[in-house]
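> Have a look at this one.
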Amino acid sequence: MMMSNSNDNDWWKEFLPEDISEDTFTTEQKTLFQIYKVSLDQIRLFHSIRTGRNLFLSKLITDEEIVWNIGVMGVGNKHRGNFKFYRSSVIERLQRYDEAERKYQWHSAQWTEKSMRILIEQWTLGMMVVIPGIESLDVSHDGDIGSPMIFTKEWYEHMPLRKDLPEGFWEYRATVVYPLMARSICRSYPMATMKGLVSLAEMTNFDSEKYDMEMKARHSDLQGVIPNKLRRMISINPDEEMKEQLKEFGNLAKKYGYVMYDTLEEAMEKEAGLLPSSIDNLPTWVGGTLEVDIKDCLKYLFRCEPDALKLMEEVYNQMEENGEILHPKHMQYQNK
């Protein structure tokens, strides 16, 4: 961890009695800074929050969660070097942590057999999968580590119509499974918080008769209370209704990095500085040729959570034995 000051920016003097040094932090904190590749000014920001008074922060907040929120609020450098504003925006997010706990049990929720079963079902169908080693290119960052990518195939052929689903079907996925998955991604993919996630979704088989379109609106606060940041959301093969919705979003879509393309080829051309340059590095369910062992992806997801890893292994094996994992064609490359 480098502690020498490389510029004349002394914003920290308003919040700290003296500058940080190697002796300022515990071994555990220094390890966190190394894992998350935190910059010198971000380390100062961390220390000013951890030692700050009258910030009215939840006692549940850990050092790692402070780092997560520093990362999320730094994605895209929205503060543009204004570290006082940056600090206040991080504190505002941290002050919402009690709300994150109250509404989504961000701190206290644990993986259960029910939630794990749903996650395994979703990932084995190609829904919101993070693949180890597949990152955005980020050529503007001089070849630095890119963002983890999350790949989705909107596919609901195995499901009944929304009106025939059990009550709370989609709600449970949005308010329980998604926050649990987001927290596990934070733990297992450090750059998910420091650089944000890049999402690539294949929309050919999207079915509005089965998906709860109002769910995201009901939980629009979710991204604001948990440290989960989608910096770019790329959809391919949208229908005309989706395109019209994107037009209606207007500047809001631009602000949140939401774009649509008619084909994967067009997306790869227009997003050449972000998406992998070859379909060999994109999974089959979004149109690539890469066949992925989903169980290996799940093992990586839970590499920092031994209890969750053990539960995943047990539930996955049980689902496999019972024939509950569907293995749809889009999860394999069809043009061998």
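Chain labels follow the order of the structure tokens: the first chain is A, the next B, and so on; residue numbering restarts at 1 in every chain, and ligands are counted from 1 in their shown order.
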Give me, as CSV, the closest atom pair and its distance (Å, one decimal) for every residue of range 143-256 of chain A within a cut-off of 10 Å of range 324-331 of chain A, counting only C-alpha atoms, rows sorted by chain and rising number.


```
residue,atom,partner,partner_atom,distance
A:Lys153,CA,A:His330,CA,8.6
A:Trp155,CA,A:His330,CA,9.5
A:Glu157,CA,A:Pro328,CA,9.9
A:His158,CA,A:Leu326,CA,8.8
```

> Can I get the selection written as a compact mmCIF listing (two decimals), in the first residue's frame, with C-alpha atoms?


```
# COMPACT_ATOMS: atom_id res chain seq x y z
CA LYS A 153 -30.69 -15.06 -21.37
CA TRP A 155 -35.91 -17.41 -21.19
CA GLU A 157 -40.35 -21.44 -21.58
CA HIS A 158 -40.39 -23.69 -18.53
```

> Neighbours of Met260 in chain A within 10 Å (only C-alpha atoms; same-chain residues fewer than 5 positions away dropped), as a list in words?

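Counting only the stated atoms, we get Leu200, Ala201, Met203, Met233, Ile234, Ser235, Ile236, Asn237, Pro238, Met242, Lys243, Leu246, Glu266 and Ala267 of chain A.
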
> Take the selection from the previous step and output its residues with N, CA and C atoms, as a compact mmCIF listing (two decimals), in the first residue's frame.


```txt
# COMPACT_ATOMS: atom_id res chain seq x y z
N LEU A 200 -24.78 -7.96 -20.04
CA LEU A 200 -25.14 -8.26 -21.43
C LEU A 200 -26.31 -9.23 -21.41
N ALA A 201 -27.46 -8.80 -21.97
CA ALA A 201 -28.68 -9.60 -21.90
C ALA A 201 -29.21 -9.90 -23.30
N MET A 203 -32.40 -10.86 -25.41
CA MET A 203 -33.82 -10.65 -25.15
C MET A 203 -34.76 -11.38 -26.10
N MET A 233 -25.56 -1.46 -19.11
CA MET A 233 -26.56 -2.51 -19.33
C MET A 233 -26.83 -2.59 -20.82
N ILE A 234 -26.36 -3.67 -21.43
CA ILE A 234 -26.45 -3.85 -22.88
C ILE A 234 -27.45 -4.96 -23.18
N SER A 235 -28.47 -4.64 -23.96
CA SER A 235 -29.45 -5.64 -24.38
C SER A 235 -29.34 -5.86 -25.88
N ILE A 236 -29.48 -7.11 -26.30
CA ILE A 236 -29.45 -7.43 -27.73
C ILE A 236 -30.74 -8.16 -28.12
N ASN A 237 -31.12 -7.99 -29.38
CA ASN A 237 -32.33 -8.59 -29.93
C ASN A 237 -33.61 -8.17 -29.19
N PRO A 238 -33.78 -6.87 -28.92
CA PRO A 238 -35.01 -6.42 -28.26
C PRO A 238 -36.17 -6.39 -29.27
N MET A 242 -39.76 -2.94 -26.48
CA MET A 242 -38.59 -2.60 -25.68
C MET A 242 -37.89 -1.36 -26.23
N LYS A 243 -37.79 -1.28 -27.55
CA LYS A 243 -37.15 -0.12 -28.16
C LYS A 243 -37.91 1.17 -27.86
N LEU A 246 -37.18 2.27 -24.37
CA LEU A 246 -35.86 2.90 -24.27
C LEU A 246 -35.94 4.36 -24.72
N GLU A 266 -23.68 -6.14 -33.80
CA GLU A 266 -23.76 -4.68 -33.67
C GLU A 266 -23.29 -4.23 -32.29
N ALA A 267 -23.70 -4.97 -31.27
CA ALA A 267 -23.28 -4.63 -29.91
C ALA A 267 -21.77 -4.71 -29.77
```

> Show me, as number ranges by chain, the residues that have an atom within 8 Å of range 50-55 of chain A when counting only C-alpha atoms, minus same-chain residues fewer than 2 positions from it.

A: 15, 46-48, 57, 63, 91, 95

> Once you have the residues from the selection above, write them out as a PDB file, in the first residue's frame, restricted to C-alpha atoms.


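again_36.pdb, freshly written:
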```
ATOM      1  CA  PHE A  15     -11.600  15.677   8.038  1.00  0.00           C
ATOM      2  CA  PHE A  46     -12.139   5.413   4.274  1.00  0.00           C
ATOM      3  CA  HIS A  47     -10.214   6.596   7.325  1.00  0.00           C
ATOM      4  CA  SER A  48     -12.168   9.856   7.535  1.00  0.00           C
ATOM      5  CA  LEU A  57     -24.017   5.222  10.611  1.00  0.00           C
ATOM      6  CA  ASP A  63     -14.796  -2.067   7.031  1.00  0.00           C
ATOM      7  CA  ILE A  91     -21.803   8.717   3.724  1.00  0.00           C
ATOM      8  CA  GLN A  95     -26.689   6.077   6.146  1.00  0.00           C
TER       9      GLN A  95
END
```

> So which residues of range 135-325 of chain A fall under strand (DSSP E or B) by DSSP, listed as a list in words?

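So, restricting range 135-325 of chain A to strand (DSSP E or B), we get Glu135, Pro148, Met149, Ile150, Phe151, Thr152, Lys153, Leu197, Val198, Ser199, Leu200, Ala201, Glu202, Leu230, Arg231, Arg232, Met233, Ile234, Ser235, Ile236, Tyr258, Val259, Met260, Tyr261, Pro283 and Leu290 of chain A.
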
> How would the residues just chosen look if you wrote them out with N, CA, C and O atoms as an mmCIF file, in the first residue's frame?


```
data_model
loop_
_atom_site.group_PDB
_atom_site.id
_atom_site.type_symbol
_atom_site.label_atom_id
_atom_site.label_comp_id
_atom_site.auth_asym_id
_atom_site.auth_seq_id
_atom_site.Cartn_x
_atom_site.Cartn_y
_atom_site.Cartn_z
ATOM 1 N N GLU A 135 -14.043 -10.516 -18.274
ATOM 2 C CA GLU A 135 -14.170 -9.120 -17.836
ATOM 3 C C GLU A 135 -14.334 -8.196 -19.027
ATOM 4 O O GLU A 135 -13.993 -8.553 -20.158
ATOM 5 N N PRO A 148 -16.217 -7.090 -13.862
ATOM 6 C CA PRO A 148 -16.856 -8.392 -14.040
ATOM 7 C C PRO A 148 -18.097 -8.218 -14.909
ATOM 8 O O PRO A 148 -18.731 -7.161 -14.903
ATOM 9 N N MET A 149 -18.437 -9.241 -15.648
ATOM 10 C CA MET A 149 -19.605 -9.177 -16.525
ATOM 11 C C MET A 149 -20.684 -10.138 -16.047
ATOM 12 O O MET A 149 -20.387 -11.220 -15.537
ATOM 13 N N ILE A 150 -21.935 -9.713 -16.212
ATOM 14 C CA ILE A 150 -23.066 -10.544 -15.815
ATOM 15 C C ILE A 150 -23.894 -10.815 -17.065
ATOM 16 O O ILE A 150 -24.298 -9.887 -17.777
ATOM 17 N N PHE A 151 -24.085 -12.101 -17.385
ATOM 18 C CA PHE A 151 -24.710 -12.509 -18.648
ATOM 19 C C PHE A 151 -26.092 -13.103 -18.394
ATOM 20 O O PHE A 151 -26.263 -13.954 -17.508
ATOM 21 N N THR A 152 -27.062 -12.670 -19.225
ATOM 22 C CA THR A 152 -28.438 -13.105 -19.022
ATOM 23 C C THR A 152 -29.093 -13.517 -20.330
ATOM 24 O O THR A 152 -28.974 -12.814 -21.344
ATOM 25 N N LYS A 153 -29.785 -14.636 -20.301
ATOM 26 C CA LYS A 153 -30.685 -15.056 -21.371
ATOM 27 C C LYS A 153 -32.091 -15.000 -20.786
ATOM 28 O O LYS A 153 -32.418 -15.741 -19.854
ATOM 29 N N LEU A 197 -20.457 -3.524 -12.497
ATOM 30 C CA LEU A 197 -20.712 -4.664 -13.368
ATOM 31 C C LEU A 197 -21.142 -4.195 -14.752
ATOM 32 O O LEU A 197 -21.813 -3.172 -14.889
ATOM 33 N N VAL A 198 -20.768 -4.952 -15.764
ATOM 34 C CA VAL A 198 -21.266 -4.744 -17.120
ATOM 35 C C VAL A 198 -22.212 -5.893 -17.439
ATOM 36 O O VAL A 198 -21.851 -7.057 -17.315
ATOM 37 N N SER A 199 -23.437 -5.553 -17.831
ATOM 38 C CA SER A 199 -24.462 -6.556 -18.094
ATOM 39 C C SER A 199 -24.697 -6.709 -19.596
ATOM 40 O O SER A 199 -24.783 -5.718 -20.318
ATOM 41 N N LEU A 200 -24.783 -7.962 -20.044
ATOM 42 C CA LEU A 200 -25.138 -8.262 -21.434
ATOM 43 C C LEU A 200 -26.311 -9.232 -21.414
ATOM 44 O O LEU A 200 -26.195 -10.343 -20.886
ATOM 45 N N ALA A 201 -27.456 -8.805 -21.968
ATOM 46 C CA ALA A 201 -28.677 -9.605 -21.901
ATOM 47 C C ALA A 201 -29.212 -9.897 -23.296
ATOM 48 O O ALA A 201 -29.318 -8.995 -24.134
ATOM 49 N N GLU A 202 -29.556 -11.164 -23.534
ATOM 50 C CA GLU A 202 -30.133 -11.613 -24.798
ATOM 51 C C GLU A 202 -31.654 -11.679 -24.616
ATOM 52 O O GLU A 202 -32.152 -12.440 -23.783
ATOM 53 N N LEU A 230 -24.566 -1.527 -11.637
ATOM 54 C CA LEU A 230 -24.481 -1.906 -13.039
ATOM 55 C C LEU A 230 -24.080 -0.650 -13.814
ATOM 56 O O LEU A 230 -24.884 0.255 -14.001
ATOM 57 N N ARG A 231 -22.836 -0.585 -14.249
ATOM 58 C CA ARG A 231 -22.344 0.630 -14.914
ATOM 59 C C ARG A 231 -22.734 0.682 -16.377
ATOM 60 O O ARG A 231 -22.765 1.748 -17.000
ATOM 61 N N ARG A 232 -23.014 -0.483 -16.975
ATOM 62 C CA ARG A 232 -23.434 -0.537 -18.373
ATOM 63 C C ARG A 232 -24.384 -1.719 -18.548
ATOM 64 O O ARG A 232 -24.064 -2.840 -18.155
ATOM 65 N N MET A 233 -25.565 -1.460 -19.105
ATOM 66 C CA MET A 233 -26.556 -2.507 -19.330
ATOM 67 C C MET A 233 -26.828 -2.594 -20.824
ATOM 68 O O MET A 233 -27.446 -1.696 -21.404
ATOM 69 N N ILE A 234 -26.364 -3.668 -21.431
ATOM 70 C CA ILE A 234 -26.449 -3.847 -22.877
ATOM 71 C C ILE A 234 -27.449 -4.955 -23.181
ATOM 72 O O ILE A 234 -27.294 -6.085 -22.712
ATOM 73 N N SER A 235 -28.472 -4.635 -23.961
ATOM 74 C CA SER A 235 -29.453 -5.636 -24.381
ATOM 75 C C SER A 235 -29.336 -5.859 -25.877
ATOM 76 O O SER A 235 -29.135 -4.906 -26.642
ATOM 77 N N ILE A 236 -29.483 -7.109 -26.303
ATOM 78 C CA ILE A 236 -29.452 -7.427 -27.725
ATOM 79 C C ILE A 236 -30.735 -8.156 -28.119
ATOM 80 O O ILE A 236 -31.363 -8.820 -27.301
ATOM 81 N N TYR A 258 -27.831 2.427 -20.176
ATOM 82 C CA TYR A 258 -28.710 1.396 -20.728
ATOM 83 C C TYR A 258 -28.802 1.569 -22.239
ATOM 84 O O TYR A 258 -29.250 2.600 -22.732
ATOM 85 N N VAL A 259 -28.361 0.560 -22.997
ATOM 86 C CA VAL A 259 -28.378 0.623 -24.458
ATOM 87 C C VAL A 259 -28.921 -0.679 -25.037
ATOM 88 O O VAL A 259 -28.882 -1.729 -24.392
ATOM 89 N N MET A 260 -29.456 -0.586 -26.272
ATOM 90 C CA MET A 260 -29.990 -1.757 -26.970
ATOM 91 C C MET A 260 -29.410 -1.827 -28.373
ATOM 92 O O MET A 260 -29.222 -0.793 -29.027
ATOM 93 N N TYR A 261 -29.177 -3.061 -28.841
ATOM 94 C CA TYR A 261 -28.710 -3.288 -30.197
ATOM 95 C C TYR A 261 -29.494 -4.450 -30.803
ATOM 96 O O TYR A 261 -29.902 -5.382 -30.092
ATOM 97 N N PRO A 283 -20.477 -16.338 -23.513
ATOM 98 C CA PRO A 283 -21.154 -17.621 -23.313
ATOM 99 C C PRO A 283 -22.227 -17.898 -24.355
ATOM 100 O O PRO A 283 -22.765 -16.978 -24.985
ATOM 101 N N LEU A 290 -18.651 -19.866 -26.068
ATOM 102 C CA LEU A 290 -18.038 -20.360 -24.837
ATOM 103 C C LEU A 290 -19.016 -21.204 -24.028
ATOM 104 O O LEU A 290 -20.055 -20.715 -23.574
#
```

> Name the closest residue to Asp221 in chain A among the candidates A:Lys270, A:Arg96, A:Lys254, A:Lys163; distances are taken between atoms, counting only C-alpha atoms.

A:Arg96

> Could you pull out the helix (DSSP H, G or I) residues of range 202-329 of chain A, going by DSSP on the backbone, and write them as a PyMOL selection string?

chain A and resi 215-218+222-225+240-249+251-255+264-270+279-281+284-286+294-301+306-321+329

> Residues as selected, C-alpha atoms, written as a compact mmCIF listing (two decimals), in the first residue's frame, can you do that?


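Listed below is the output, out-v2.txt:
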```txt
# COMPACT_ATOMS: atom_id res chain seq x y z
CA MET A 215 -41.39 -5.59 -10.03
CA LYS A 216 -38.41 -3.34 -10.81
CA ALA A 217 -40.55 -0.25 -10.29
CA ARG A 218 -41.72 -1.53 -6.91
CA LEU A 222 -32.72 -1.44 -4.38
CA GLN A 223 -29.66 -0.14 -6.25
CA GLY A 224 -29.57 2.89 -3.96
CA VAL A 225 -29.41 1.00 -0.67
CA GLU A 240 -40.24 -3.09 -30.81
CA GLU A 241 -41.95 -2.54 -27.45
CA MET A 242 -38.59 -2.60 -25.68
CA LYS A 243 -37.15 -0.12 -28.16
CA GLU A 244 -40.05 2.25 -27.56
CA GLN A 245 -39.52 2.00 -23.81
CA LEU A 246 -35.86 2.90 -24.27
CA LYS A 247 -36.87 6.00 -26.24
CA GLU A 248 -39.25 6.99 -23.43
CA PHE A 249 -36.44 6.69 -20.89
CA ASN A 251 -31.66 10.86 -20.96
CA LEU A 252 -32.37 8.59 -18.00
CA ALA A 253 -31.27 5.59 -20.06
CA LYS A 254 -28.10 7.43 -21.06
CA LYS A 255 -27.39 8.39 -17.46
CA LEU A 264 -24.76 -9.28 -30.96
CA GLU A 265 -22.52 -8.27 -33.86
CA GLU A 266 -23.76 -4.68 -33.67
CA ALA A 267 -23.28 -4.63 -29.91
CA MET A 268 -19.71 -5.91 -30.22
CA GLU A 269 -18.96 -3.25 -32.85
CA LYS A 270 -20.52 -0.34 -30.94
CA ILE A 279 -17.46 -14.55 -29.40
CA ASP A 280 -15.13 -17.24 -28.05
CA ASN A 281 -15.12 -15.20 -24.83
CA THR A 284 -23.49 -19.59 -25.55
CA TRP A 285 -26.67 -18.20 -24.01
CA VAL A 286 -25.97 -14.67 -25.29
CA ILE A 294 -22.20 -23.31 -14.19
CA LYS A 295 -21.31 -25.29 -11.09
CA ASP A 296 -17.74 -23.98 -11.34
CA CYS A 297 -19.16 -20.43 -11.57
CA LEU A 298 -21.21 -21.05 -8.44
CA LYS A 299 -18.17 -22.43 -6.62
CA TYR A 300 -16.30 -19.24 -7.43
CA LEU A 301 -19.24 -17.10 -6.35
CA PRO A 306 -17.85 -21.70 3.23
CA ASP A 307 -21.36 -22.36 4.57
CA ALA A 308 -23.02 -21.11 1.40
CA LEU A 309 -20.57 -23.13 -0.72
CA LYS A 310 -21.40 -26.30 1.18
CA LEU A 311 -25.13 -25.63 0.83
CA MET A 312 -24.78 -24.97 -2.90
CA GLU A 313 -22.97 -28.28 -3.42
CA GLU A 314 -25.68 -30.17 -1.54
CA VAL A 315 -28.62 -28.49 -3.28
CA TYR A 316 -27.02 -28.68 -6.72
CA ASN A 317 -26.32 -32.40 -6.39
CA GLN A 318 -29.85 -33.01 -5.12
CA MET A 319 -31.38 -31.07 -8.03
CA GLU A 320 -29.18 -32.93 -10.50
CA GLU A 321 -30.17 -36.32 -9.08
CA LYS A 329 -30.03 -26.08 -25.58
```

> Name the closest residue to Ala109 in chain A among the candidates A:Pro179, A:Gly74, A:Pro166, A:Pro17; distances are taken between atoms, counting only C-alpha atoms.

A:Pro179

> Pick from A:Pro276, A:Gly196, A:Gly250, A:Pro132: nearest to Asn69 in chain A, with only C-alpha atoms counted?

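Counting only C-alpha atoms, the residue closest to Asn69 in chain A is A:Gly196.
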
> With distances taken over only C-alpha atoms, which residue among A:Leu45, A:Met159, A:Val75, A:Ile226 lies nearest Leu94 in chain A?

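Going through A:Leu45, A:Met159, A:Val75, A:Ile226 one by one, the smallest distance to Leu94 in chain A is for A:Ile226.
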
> I need the residue nearest Met128 in chain A from this list: A:Asp23, A:Glu171, A:Glu113, A:Glu154. Use only C-alpha atoms for the distance.

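Closest to Met128 in chain A of all the choices is A:Glu154.
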
> May I ask which of the residues A:Ser88, A:Gly76, A:Thr175, A:Ile20 is the closest one to Tyr104 in chain A, counting only C-alpha atoms?

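Among A:Ser88, A:Gly76, A:Thr175, A:Ile20, it is A:Thr175 that comes nearest to Tyr104 in chain A.
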
> So which residues touch Trp68 in chain A within 9 Å, counting only C-alpha atoms, skipping near sequence neighbours fewer than 2 positions away, as a list in words?

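Residues near the query, excluding close chain neighbours: Tyr36, Asp63, Glu64, Glu65, Ile66, Ile70, Gly71, Val72, Met73, Cys186, Pro190, Ala192, Thr193, Met194, Pro227 and Asn228 of chain A.
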
> Give me, please, the distance in Å between CA of Trp12 in chain A and CA of Asp98 in chain A, quoted to one decimal.

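About the pair CA of Trp12 in chain A and CA of Asp98 in chain A: they are 27.0 Å apart.
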
> Would you kindly return, as a VMD selection string, each protein, DNA or RNA residue with an atom no farther than 12 Å from any atom of Asp10 in chain A, considering only C-alpha atoms and excluding same-chain residues fewer than 2 positions away?

chain A and resid 5 to 8 12 to 19 40 to 41 44 to 45 81 to 84
